[in-house]
Amino acid sequence: NNKITSSGMEILCSRIPSMKTLATLVLTNNSFDDQGAEKLAIAMKENLSIGRVECNENLLSYKTIRYYADLNWGGRKIVKQRLDSGKSPIQQSLWPLVLARVNGLAGDQFTSAQERQAEVLYFLLQYGSAIFPL
């Protein structure tokens, strides 16, 4: 417990998009509210490295926060780098590694493992696959 309030979350969230190496963010037992969680969800949309966020699952933005963390875990960084550089989609040789990571996502009280895996796989196929060119 770092006693992070919603105003503290605003400061933290202003830095999250630029955090390139942080992989896990543990925010359990803090006192920020739905407003702070919404700022976290917005920040997670811009971050490509945080693959796991632990926070109060009852916050309204929890599923959005977890969704972006799941995408990061599954390989969103690879997709973005390739799109930004104008390169072709994810190389075929990387797909087994990417799919193995996606398969490692577990369910929780809100969403089954299969649903979380399907969301990430859909994103990867939509933006990182030669099957569905942009």
# chains A, B, ... in the order shown; residues from 1 in each chain; ligands from 1
>>> residues_around(residues="segment 125-129 of chain A", least_positions_apart="6", cutoff="10 Å", atoms="only C-alpha atoms", output="VMD selection string")
chain A and resid 75 to 76 78 to 80 82 to 83 88 to 92 95
>>> write_last_selection(atoms="C-alpha atoms", output="PDB file, in the first residue's frame")
ATOM      1  CA  GLY A  75       2.776  -8.886 -28.389  1.00  0.00           C
ATOM      2  CA  ARG A  76       1.222  -5.493 -29.137  1.00  0.00           C
ATOM      3  CA  ILE A  78       5.753  -6.199 -32.083  1.00  0.00           C
ATOM      4  CA  VAL A  79       2.676  -5.204 -34.058  1.00  0.00           C
ATOM      5  CA  LYS A  80       3.152  -1.483 -33.403  1.00  0.00           C
ATOM      6  CA  ARG A  82       6.226  -3.301 -37.516  1.00  0.00           C
ATOM      7  CA  LEU A  83       3.332  -1.006 -38.478  1.00  0.00           C
ATOM      8  CA  SER A  88       5.249  -6.468 -43.177  1.00  0.00           C
ATOM      9  CA  PRO A  89       3.153  -8.089 -40.442  1.00  0.00           C
ATOM     10  CA  ILE A  90       4.550 -10.401 -37.776  1.00  0.00           C
ATOM     11  CA  GLN A  91       6.968 -12.894 -39.318  1.00  0.00           C
ATOM     12  CA  GLN A  92       5.615 -16.415 -39.590  1.00  0.00           C
ATOM     13  CA  TRP A  95       3.785 -16.808 -34.440  1.00  0.00           C
TER      14      TRP A  95
END
>>> residues_around(residues="Leu59 of chain A", least_positions_apart="5", cutoff="9 Å", atoms="only C-alpha atoms", output="PDB file with C-alpha atoms, in the first residue's frame")
ATOM      1  CA  ASP A  33     -11.197   5.666  -7.251  1.00  0.00           C
ATOM      2  CA  ASP A  34     -12.863   5.112 -10.630  1.00  0.00           C
ATOM      3  CA  ALA A  37      -8.640   4.017 -12.780  1.00  0.00           C
ATOM      4  CA  GLU A  38      -9.984   5.752 -15.879  1.00  0.00           C
TER       5      GLU A  38
END
>>> closest_residue(among="A:Val102, A:Lys77, A:Ser14, A:Glu119", to="Thr64 of chain A", atoms="only C-alpha atoms")
A:Glu119
>>> residues_around(residues="Ser6 of chain A", least_positions_apart="5", cutoff="7 Å", atoms="only C-alpha atoms", output="NGL selection string")
:A and (32-33 or 35-36)
>>> select_by_dssp(residues="chain A", states="strand (DSSP E or B)", output="JSON, numbers by chain")
{"A": [24, 25, 26, 52, 53, 54]}
>>> residues_around(residues="Arg52 of chain A", least_positions_apart="4", cutoff="8 Å", atoms="only C-alpha atoms", output="number ranges by chain")
A: 23-25, 66, 69-70, 73
>>> closest_residue(among="A:Asn72, A:Ser61, A:Asn56, A:Ser18", to="Leu40 of chain A", atoms="only C-alpha atoms")
A:Ser61
>>> residues_around(residues="Asn2 of chain A", least_positions_apart="3", cutoff="10 Å", atoms="only C-alpha atoms", output="PyMOL selection string")
chain A and resi 5+8+27-31
